[in-house]
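File shown here: query-v5.csv, holding CSV, C-alpha atoms and all ligand atoms.
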```csv
chain,number,residue,atom,x,y,z
Z,15,MET,CA,64.2,-91.1,-27.4
Z,16,LEU,CA,67.1,-89.6,-25.5
Z,17,ALA,CA,67.6,-85.8,-25.2
Z,18,THR,CA,70.9,-86.3,-27.0
Z,19,GLU,CA,69.1,-87.6,-30.0
Z,20,PHE,CA,67.8,-84.1,-30.9
Z,21,ASP,CA,69.9,-81.5,-32.6
Z,22,PRO,CA,70.5,-78.7,-30.1
Z,23,ALA,CA,69.7,-76.3,-33.0
Z,24,LEU,CA,66.2,-77.8,-33.3
Z,25,ILE,CA,65.6,-77.6,-29.5
Z,26,ALA,CA,66.7,-73.9,-29.7
Z,27,ALA,CA,64.4,-73.3,-32.7
Z,28,LEU,CA,61.5,-74.6,-30.7
Z,29,GLN,CA,62.4,-72.6,-27.6
Z,30,GLU,CA,62.9,-69.3,-29.6
Z,31,ALA,CA,59.8,-69.7,-31.9
Z,32,ASP,CA,57.1,-67.1,-31.4
Z,33,LYS,CA,54.9,-68.7,-34.2
Z,34,ILE,CA,54.8,-72.4,-34.7
Z,35,VAL,CA,52.7,-74.1,-37.4
Z,36,VAL,CA,51.9,-77.9,-37.1
Z,37,LEU,CA,50.8,-79.7,-40.2
Z,38,THR,CA,49.5,-83.3,-39.7
Z,39,GLY,CA,48.6,-86.2,-42.0
Z,40,ALA,CA,47.2,-89.7,-41.4
Z,41,GLY,CA,50.3,-90.8,-39.6
Z,42,VAL,CA,49.4,-88.8,-36.5
Z,43,SER,CA,46.3,-90.9,-36.1
Z,44,ALA,CA,47.9,-94.2,-37.0
Z,45,GLU,CA,48.7,-95.1,-33.3
Z,46,SER,CA,45.1,-94.5,-32.5
Z,47,GLY,CA,44.3,-97.5,-34.8
Z,48,ILE,CA,43.1,-95.4,-37.8
Z,49,PRO,CA,44.5,-96.8,-41.0
Z,50,THR,CA,46.5,-94.3,-43.0
Z,51,PHE,CA,45.3,-93.3,-46.4
Z,52,ARG,CA,47.8,-95.6,-48.1
Z,53,ASP,CA,47.5,-98.5,-45.8
Z,54,ALA,CA,45.7,-101.5,-47.4
Z,55,LEU,CA,42.0,-101.2,-46.9
Z,56,THR,CA,40.3,-104.2,-45.2
Z,57,GLY,CA,37.0,-106.1,-45.4
Z,58,LEU,CA,34.6,-104.9,-48.1
Z,59,TRP,CA,37.1,-102.3,-49.1
Z,60,ARG,CA,40.1,-104.6,-49.6
Z,61,ASN,CA,39.7,-104.5,-53.4
Z,62,PHE,CA,39.3,-100.7,-53.6
Z,63,ASP,CA,41.8,-97.9,-53.9
Z,64,ALA,CA,41.0,-95.2,-51.4
Z,65,GLN,CA,41.9,-92.6,-54.0
Z,66,ALA,CA,39.3,-94.1,-56.4
Z,67,LEU,CA,36.6,-94.0,-53.7
Z,68,ALA,CA,37.4,-90.5,-52.5
Z,69,THR,CA,35.9,-88.7,-55.6
Z,70,PRO,CA,32.5,-87.2,-56.5
Z,71,GLU,CA,32.4,-89.5,-59.5
Z,72,ALA,CA,32.6,-92.6,-57.3
Z,73,PHE,CA,29.8,-91.2,-55.1
Z,74,GLN,CA,27.6,-90.5,-58.1
Z,75,ARG,CA,28.3,-93.9,-59.6
Z,76,ASP,CA,27.6,-95.8,-56.4
Z,77,PRO,CA,26.5,-93.6,-53.4
Z,78,ALA,CA,25.8,-96.6,-51.1
Z,79,LEU,CA,29.4,-98.0,-51.6
Z,80,VAL,CA,31.0,-94.6,-50.9
Z,81,TRP,CA,28.7,-93.6,-48.0
Z,82,GLY,CA,29.2,-97.1,-46.5
Z,83,TRP,CA,33.0,-96.6,-46.7
Z,84,TYR,CA,32.8,-93.2,-44.9
Z,85,GLU,CA,30.4,-94.5,-42.2
Z,86,TRP,CA,32.9,-97.4,-41.6
Z,87,ARG,CA,35.7,-94.9,-41.2
Z,88,ARG,CA,33.6,-92.7,-39.0
Z,89,ALA,CA,32.7,-95.7,-36.8
Z,90,ARG,CA,36.4,-96.5,-36.4
Z,91,VAL,CA,37.2,-92.9,-35.5
Z,92,LEU,CA,34.4,-92.7,-32.9
Z,93,ALA,CA,35.7,-96.0,-31.4
Z,94,ALA,CA,39.3,-94.7,-31.3
Z,95,ARG,CA,41.0,-92.4,-28.8
Z,96,PRO,CA,43.5,-89.6,-29.3
Z,97,ASN,CA,47.1,-90.9,-28.9
Z,98,ALA,CA,50.2,-89.3,-27.3
Z,99,ALA,CA,51.0,-87.4,-30.5
Z,100,HIS,CA,47.6,-85.6,-30.5
Z,101,ARG,CA,48.1,-84.9,-26.8
Z,102,ALA,CA,51.6,-83.5,-27.3
Z,103,ILE,CA,50.4,-81.2,-30.0
Z,104,ALA,CA,47.5,-80.0,-27.8
Z,105,ALA,CA,49.9,-79.4,-24.9
Z,106,LEU,CA,52.4,-77.5,-27.1
Z,107,ALA,CA,49.8,-74.8,-27.7
Z,108,HIS,CA,50.1,-73.9,-24.0
Z,109,ARG,CA,53.9,-73.6,-24.2
Z,110,VAL,CA,54.4,-71.3,-27.3
Z,111,PRO,CA,53.2,-67.8,-27.9
Z,112,GLN,CA,51.3,-68.8,-31.1
Z,113,LEU,CA,50.4,-72.2,-32.5
Z,114,SER,CA,48.4,-72.9,-35.7
Z,115,LEU,CA,47.3,-76.5,-36.3
Z,116,ILE,CA,46.6,-77.5,-39.9
Z,117,THR,CA,45.5,-81.0,-40.7
Z,118,GLN,CA,44.8,-83.1,-43.7
Z,119,ASN,CA,42.9,-85.6,-41.5
Z,120,VAL,CA,39.1,-85.8,-41.5
Z,121,ASP,CA,38.9,-87.3,-38.0
Z,122,ASP,CA,38.3,-85.3,-34.8
Z,123,LEU,CA,41.1,-86.7,-32.7
Z,124,HIS,CA,43.0,-83.4,-32.5
Z,125,GLU,CA,39.9,-81.8,-31.1
Z,126,ARG,CA,39.3,-84.7,-28.7
Z,127,ALA,CA,42.9,-84.3,-27.5
Z,128,GLY,CA,42.2,-80.7,-26.6
Z,129,SER,CA,43.4,-78.8,-29.6
Z,130,ARG,CA,41.4,-75.6,-30.6
Z,131,ASP,CA,40.9,-73.9,-33.9
Z,132,VAL,CA,42.0,-77.0,-35.9
Z,133,ARG,CA,42.0,-76.2,-39.6
Z,134,HIS,CA,40.8,-79.2,-41.6
Z,135,LEU,CA,42.0,-78.5,-45.1
Z,136,HIS,CA,40.4,-81.7,-46.4
Z,137,GLY,CA,37.2,-81.4,-44.4
Z,138,SER,CA,35.7,-83.7,-41.8
Z,139,LEU,CA,33.9,-87.0,-41.4
Z,140,HIS,CA,31.7,-85.4,-38.8
Z,141,HIS,CA,30.0,-82.7,-40.9
Z,142,PRO,CA,28.2,-84.2,-43.9
Z,143,ARG,CA,26.0,-82.1,-46.2
Z,144,CYS,CA,23.5,-82.5,-49.0
Z,145,PHE,CA,25.2,-83.4,-52.3
Z,146,ASP,CA,22.7,-81.3,-54.2
Z,147,CYS,CA,21.8,-78.2,-52.1
Z,148,GLY,CA,24.8,-78.2,-49.7
Z,149,LEU,CA,22.6,-78.1,-46.6
Z,150,ALA,CA,24.4,-79.4,-43.5
Z,151,PHE,CA,23.1,-82.7,-42.3
Z,152,ALA,CA,22.8,-83.7,-38.6
Z,153,LEU,CA,24.1,-87.2,-38.1
Z,154,PRO,CA,22.3,-89.3,-35.5
Z,155,GLU,CA,23.9,-89.3,-32.1
Z,156,GLY,CA,26.2,-92.2,-31.1
Z,157,ARG,CA,28.3,-94.6,-33.1
Z,158,PRO,CA,27.0,-96.0,-36.4
Z,159,GLU,CA,26.6,-99.8,-36.0
Z,160,GLU,CA,29.2,-100.9,-38.5
Z,161,PRO,CA,30.4,-104.4,-39.0
Z,162,GLU,CA,34.3,-104.6,-39.0
Z,163,GLY,CA,34.6,-105.1,-42.7
Z,164,GLY,CA,32.1,-102.3,-43.5
Z,165,ARG,CA,29.0,-102.6,-45.7
Z,166,ARG,CA,27.2,-100.7,-48.5
Z,167,LEU,CA,24.8,-98.1,-47.0
Z,168,PRO,CA,22.4,-95.9,-49.0
Z,169,PRO,CA,23.1,-92.3,-47.9
Z,170,PRO,CA,20.4,-90.5,-45.9
Z,171,ARG,CA,18.3,-88.0,-47.9
Z,172,CYS,CA,18.4,-84.2,-47.4
Z,173,PRO,CA,15.3,-83.1,-45.5
Z,174,ALA,CA,15.1,-79.9,-47.6
Z,175,CYS,CA,15.5,-81.2,-51.1
Z,176,GLY,CA,15.7,-84.9,-51.0
Z,177,GLY,CA,19.2,-85.0,-52.4
Z,178,PRO,CA,21.7,-87.6,-51.2
Z,179,VAL,CA,23.8,-86.7,-48.2
Z,180,ARG,CA,27.6,-86.8,-48.8
Z,181,PRO,CA,30.6,-86.8,-46.5
Z,182,GLY,CA,31.8,-83.3,-45.6
Z,183,VAL,CA,35.3,-84.0,-47.0
Z,184,VAL,CA,37.2,-82.5,-49.9
Z,185,TRP,CA,37.5,-85.3,-52.6
Z,186,PHE,CA,40.1,-85.6,-55.2
Z,187,GLY,CA,39.3,-83.2,-58.0
Z,188,GLU,CA,37.4,-80.9,-55.7
Z,189,ALA,CA,38.8,-77.5,-54.7
Z,190,MET,CA,39.6,-76.7,-51.1
Z,191,PRO,CA,37.9,-73.7,-49.4
Z,192,ARG,CA,40.0,-70.9,-50.8
Z,193,ASP,CA,40.1,-68.9,-47.6
Z,194,LEU,CA,41.3,-71.9,-45.6
Z,195,LEU,CA,44.0,-72.7,-48.2
Z,196,ASP,CA,45.3,-69.1,-48.4
Z,197,ALA,CA,45.4,-68.8,-44.6
Z,198,ALA,CA,47.4,-72.0,-44.5
Z,199,PHE,CA,49.9,-70.8,-47.1
Z,200,ASP,CA,50.3,-67.5,-45.2
Z,201,ALA,CA,50.7,-69.2,-41.8
Z,202,CYS,CA,53.5,-71.4,-43.2
Z,203,ALA,CA,55.3,-68.6,-45.0
Z,204,SER,CA,55.3,-66.4,-41.8
Z,205,SER,CA,56.0,-69.2,-39.2
Z,206,ASP,CA,59.2,-69.4,-37.2
Z,207,LEU,CA,59.0,-73.2,-37.4
Z,208,LEU,CA,56.8,-75.6,-39.3
Z,209,ILE,CA,56.5,-79.1,-37.8
Z,210,VAL,CA,55.2,-81.7,-40.3
Z,211,VAL,CA,53.9,-84.9,-38.7
Z,212,GLY,CA,52.9,-88.2,-40.5
Z,213,THR,CA,52.2,-87.2,-44.1
Z,214,SER,CA,53.6,-88.8,-47.3
Z,215,GLY,CA,53.5,-85.3,-48.9
Z,216,VAL,CA,51.9,-86.5,-52.1
Z,217,VAL,CA,48.6,-84.8,-52.1
Z,218,TYR,CA,48.5,-81.3,-53.5
Z,219,PRO,CA,48.1,-78.4,-53.0
Z,220,VAL,CA,48.7,-79.2,-49.2
Z,221,ALA,CA,51.9,-81.0,-50.0
Z,222,GLU,CA,53.2,-77.6,-51.2
Z,223,LEU,CA,53.1,-76.1,-47.8
Z,224,PRO,CA,56.5,-77.2,-46.5
Z,225,ALA,CA,58.2,-75.9,-49.7
Z,226,VAL,CA,56.3,-72.6,-49.2
Z,227,ALA,CA,57.8,-72.3,-45.7
Z,228,LYS,CA,61.3,-73.2,-46.9
Z,229,ARG,CA,61.1,-70.7,-49.8
Z,230,ALA,CA,60.2,-68.1,-47.3
Z,231,GLY,CA,63.4,-68.9,-45.3
Z,232,ARG,CA,61.5,-70.7,-42.5
Z,233,ARG,CA,62.8,-73.9,-40.9
Z,234,VAL,CA,60.8,-77.2,-41.3
Z,235,VAL,CA,61.1,-80.3,-39.1
Z,236,GLN,CA,59.4,-83.6,-40.1
Z,237,VAL,CA,58.4,-86.5,-38.0
Z,238,ASN,CA,57.7,-89.6,-40.0
Z,239,LEU,CA,58.1,-93.3,-39.7
Z,240,ALA,CA,59.6,-93.5,-43.2
Z,241,PRO,CA,61.2,-91.2,-45.8
Z,242,SER,CA,58.6,-89.1,-47.6
Z,243,GLU,CA,58.4,-86.6,-50.5
Z,244,LEU,CA,59.1,-83.9,-47.9
Z,245,ASP,CA,62.5,-85.0,-46.7
Z,246,ARG,CA,64.3,-82.8,-49.2
Z,247,VAL,CA,62.7,-79.5,-48.0
Z,248,CYS,CA,63.0,-80.3,-44.2
Z,249,SER,CA,65.9,-79.0,-42.1
Z,250,TRP,CA,65.4,-82.0,-39.7
Z,251,ASN,CA,63.9,-85.4,-40.5
Z,252,LEU,CA,63.1,-87.2,-37.3
Z,253,ARG,CA,62.4,-90.9,-38.0
Z,254,GLY,CA,60.0,-92.6,-35.6
Z,255,GLU,CA,56.5,-92.9,-34.4
Z,256,ALA,CA,54.8,-89.5,-33.8
Z,257,GLY,CA,53.4,-90.8,-30.4
Z,258,LYS,CA,57.0,-91.3,-29.2
Z,259,VAL,CA,59.0,-88.6,-31.0
Z,260,LEU,CA,56.7,-85.6,-30.3
Z,261,PRO,CA,56.5,-86.1,-26.5
Z,262,ALA,CA,60.2,-86.6,-26.3
Z,263,LEU,CA,61.0,-83.6,-28.5
Z,264,PHE,CA,58.6,-81.2,-26.7
Z,265,GLY,CA,59.6,-82.6,-23.4
Z,266,ASN,CA,63.2,-81.8,-24.1
Z,267,ALA,CA,62.5,-78.3,-25.3
Z,268,PHE,CA,60.2,-77.1,-22.6
O,1,LIG,C1,42.5,-79.9,-56.0
O,1,LIG,C2,39.8,-86.3,-47.9
O,1,LIG,C3,41.9,-78.6,-57.9
O,1,LIG,C4,39.0,-87.4,-48.4
O,1,LIG,C5,41.8,-86.2,-49.2
O,1,LIG,C6,48.7,-80.1,-58.2
O,1,LIG,C7,48.0,-79.0,-57.7
O,1,LIG,C8,46.6,-79.2,-57.3
O,1,LIG,C9,46.0,-80.5,-57.4
O,1,LIG,C10,46.8,-81.5,-57.9
O,1,LIG,C11,48.1,-81.4,-58.3
O,1,LIG,N1,48.6,-82.6,-58.7
O,1,LIG,C12,47.6,-83.5,-58.6
O,1,LIG,C13,46.5,-82.9,-58.1
O,1,LIG,C14,45.2,-83.6,-57.9
O,1,LIG,C15,45.1,-84.1,-56.5
O,1,LIG,C16,46.3,-84.8,-56.0
O,1,LIG,O1,47.1,-84.1,-55.2
O,1,LIG,N2,46.5,-86.0,-56.3
O,1,LIG,C17,47.7,-86.7,-55.9
O,1,LIG,C18,47.3,-88.1,-55.5
O,1,LIG,C19,48.8,-86.6,-56.9
O,1,LIG,N3,44.6,-83.1,-55.6
O,1,LIG,C20,43.3,-82.8,-55.5
O,1,LIG,O2,42.5,-83.3,-56.2
O,1,LIG,C21,42.9,-81.7,-54.5
O,1,LIG,N4,42.0,-80.8,-55.2
O,1,LIG,O3,43.6,-79.6,-56.1
O,1,LIG,O4,41.5,-79.4,-56.8
O,1,LIG,C22,40.7,-77.8,-58.2
O,1,LIG,C23,40.9,-76.4,-58.2
O,1,LIG,C24,39.8,-75.6,-58.6
O,1,LIG,C25,38.6,-76.2,-58.9
O,1,LIG,C26,38.4,-77.6,-58.9
O,1,LIG,C27,39.5,-78.4,-58.6
O,1,LIG,C28,42.1,-82.3,-53.3
O,1,LIG,C29,43.0,-83.3,-52.6
O,1,LIG,C30,42.2,-83.7,-51.3
O,1,LIG,C31,41.8,-85.1,-51.4
O,1,LIG,N5,41.2,-85.6,-50.2
O,1,LIG,N6,41.2,-86.6,-48.1
O,1,LIG,C32,39.2,-88.6,-47.5
O,1,LIG,O5,39.9,-88.6,-46.5
O,1,LIG,O6,38.5,-89.7,-47.9
O,1,LIG,S1,43.4,-86.6,-49.4
O,1,LIG,C33,43.9,-88.0,-48.5
O,1,LIG,O7,45.3,-88.2,-48.8
O,1,LIG,C34,43.9,-87.9,-47.0
O,1,LIG,O8,42.9,-87.2,-46.5
O,1,LIG,C35,45.2,-87.2,-46.7
O,1,LIG,O9,44.9,-85.9,-46.4
O,1,LIG,C36,45.9,-87.2,-47.9
O,1,LIG,C37,47.4,-87.4,-47.8
O,1,LIG,O10,47.6,-88.6,-47.1
O,1,LIG,P1,48.5,-88.6,-45.8
O,1,LIG,O11,47.8,-87.9,-44.7
O,1,LIG,O12,49.8,-88.1,-46.1
O,1,LIG,O13,48.5,-90.1,-45.4
O,1,LIG,P2,49.3,-91.2,-46.2
O,1,LIG,O14,48.7,-92.5,-45.9
O,1,LIG,O15,49.6,-90.8,-47.6
O,1,LIG,O16,50.7,-91.1,-45.4
O,1,LIG,C38,50.8,-91.4,-44.1
O,1,LIG,C39,52.2,-91.0,-43.7
O,1,LIG,O17,52.3,-91.2,-42.3
O,1,LIG,C40,53.3,-91.9,-44.3
O,1,LIG,O18,54.4,-91.0,-44.7
O,1,LIG,C41,53.8,-92.8,-43.2
O,1,LIG,O19,55.2,-93.1,-43.3
O,1,LIG,C42,53.5,-91.9,-42.0
O,1,LIG,N7,53.2,-92.7,-40.7
O,1,LIG,C43,52.5,-93.8,-40.6
O,1,LIG,N8,52.4,-94.1,-39.3
O,1,LIG,C44,53.1,-93.1,-38.6
O,1,LIG,C45,53.6,-92.2,-39.5
O,1,LIG,N9,54.4,-91.2,-39.2
O,1,LIG,C46,54.6,-91.0,-37.8
O,1,LIG,N10,54.1,-91.8,-36.9
O,1,LIG,C47,53.4,-92.9,-37.2
O,1,LIG,N11,53.0,-93.7,-36.2
O,2,ZN,ZN,19.5,-80.7,-50.2
```

Would it be possible to restate this file's structure as structure tokens?
Amino acid sequence: MLATEFDPALIAALQEADKIVVLTGAGVSAESGIPTFRDALTGLWRNFDAQALATPEAFQRDPALVWGWYEWRRARVLAARPNAAHRAIAALAHRVPQLSLITQNVDDLHERAGSRDVRHLHGSLHHPRCFDCGLAFALPEGRPEEPEGGRRLPPPRCPACGGPVRPGVVWFGEAMPRDLLDAAFDACASSDLLIVVGTSGVVYPVAELPAVAKRAGRRVVQVNLAPSELDRVCSWNLRGEAGKVLPALFGNAF
């Protein structure tokens, strides 16, 4: 993207910001080959709706199906590499006085790109726990051997109580950790600039964050391949792939 394609007011906002918050969704990992939450699922999962699988009820009804899905996703994440968008966000932290990175993603690609203190509002694929007693479960080293289409896998058993191990994610219908959520709301309301990357803005309460920033008189810029629910609250809507737009945008500002 050419320098001229960015509004000079946006470049100035980046250069003048003391406190920047970056909020990411599945779109930031798309160019690493990780299907977004709304992309059609493949293989064994092709007849399932991600939203229907990502619930405690689905896990209780069929733990092997749900655990198998998450292990398939975890295998894909471990086989993937951070992309230029993850790297641009990690580099931005060294160019601004204060950067807070909040993600809805459950992969560790931000961390593997060098970002620190990543706030995973929807949890992580990499930190499972016991469904019954909550004890953290240590996953075996290395990549799970997962066939491309995925398979049903009975979840491991908790060494302390024998309960089934569940993914360490926040499912639909489950509350987010209150302190994490409150801190995210405070960060957005007190930021100089909120940069929203690759999210459809349909999952609450995280989808509320850009509106919280706007109501507090903060400016919001969105990077997305397509229009989203957030377009109306953003001061700038940059259309394009995050792996191309972010390096160009930050490269022109700093
Ligand atoms: C809760 C973890 C209450 C699991 C996920 C109002 C208030 C509160 C709750 C609700 C509410 N209304 C409805 C609800 C219920 C529900 C909800 O929001 N439902 C929606 C569907 C309407 N919310 C909840 O249940 C939440 N819990 O509120 O609990 C409570 C309170 C007290 C006590 C008990 C209960 C919990 C929600 C968390 C669900 N877990 N993930 C897992 O990953 O398996 S959410 C899931 O969807 C993903 O993790 C992701 O975080 C989220 C959003 O998806 P996106 O990241 O936006 O991805 P998506 O595919 O949608 O879009 C990708 C975007 O990227 C697109 O716009 C695309 O154009 C763009 N893109 C693609 N490629 C690129 C790109 N952009 C740039 N570059 C590219 N290359
Ligand atoms: Zn247990």

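Distances to Z:Ala99 were evaluated for Z:Thr213, Z:Ser205, Z:Ser249, Z:Ser46 using only C-alpha atoms, and the minimum falls at Z:Ser46.
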
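We find atom CA of Z:Arg87 and atom CA of Z:Glu222 to be spaced 26.6 Å apart.
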
Item to complete: Residues up to 6 Å from ligand ZN 2 (chain O), counting only C-alpha atoms and all ligand atoms: could you list those as an NGL selection string?
Response: :Z and (144 or 146-149 or 172 or 174-177)

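If you look at atom C19 of ligand LIG 1 (chain O) and atom CA of Z:Leu135, they are 15.8 Å away from each other.
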
Fill in: Given 6 Å and all atoms listed in the file, residues near ligand LIG 1 (chain O) as an MDAnalysis selection string
chainID Z and resid 39:42 44:45 50:52 68 118:120 136 183:189 212:219 237:240 242 255:256

Worksheet item: Hey, what's within 9 Å of Z:Gln112 if we count only C-alpha atoms and toss same-chain stuff fewer than 6 positions away? As a count of residues only, please?
Response: 5

Worksheet entry | Contacts of Z:Ala102 within 10 Å, all atoms listed in the file, excl. fewer than 6 positions in-chain, as a PyMOL selection string | chain Z and resi 127-129+256-265

Show me the residues close to (21.8, -95.6, -50.0) - anything with an atom within 7 Å, counting only C-alpha atoms - and format the list as a PDB file with C-alpha atoms, in the coordinates of the input.
```
ATOM      1  CA  PRO Z  77      26.500 -93.600 -53.400  1.00  0.00           C
ATOM      2  CA  ALA Z  78      25.800 -96.600 -51.100  1.00  0.00           C
ATOM      3  CA  LEU Z 167      24.800 -98.100 -47.000  1.00  0.00           C
ATOM      4  CA  PRO Z 168      22.400 -95.900 -49.000  1.00  0.00           C
ATOM      5  CA  PRO Z 169      23.100 -92.300 -47.900  1.00  0.00           C
ATOM      6  CA  PRO Z 170      20.400 -90.500 -45.900  1.00  0.00           C
TER       7      PRO Z 170
END
```

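Reported to one decimal place, the separation of atom CA of Z:Pro191 from atom CA of Z:Arg166 is 29.1 Å.
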
Practice prompt. Would you be able to write out as a list in words which residues have an atom within 12 Å of (41.1, -96.1, -32.6) in the file's coordinates, counting only C-alpha atoms?
Written response: Val42, Ser43, Ala44, Glu45, Ser46, Gly47, Ile48, Pro49, Thr50, Arg87, Arg88, Ala89, Arg90, Val91, Leu92, Ala93, Ala94, Arg95, Pro96, Asn97, Asp121, Asp122 and Leu123 of chain Z

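Closest approach to Z:Pro111 among Z:Glu162, Z:Ala66, Z:Glu30, Z:Tyr84: Z:Glu30, based on only C-alpha atoms.
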
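Between Z:Ala152 and the residues Z:Arg165, Z:Arg180, Z:Arg229, Z:His100, the shortest atom-to-atom distance, using all atoms listed in the file, involves Z:Arg180.
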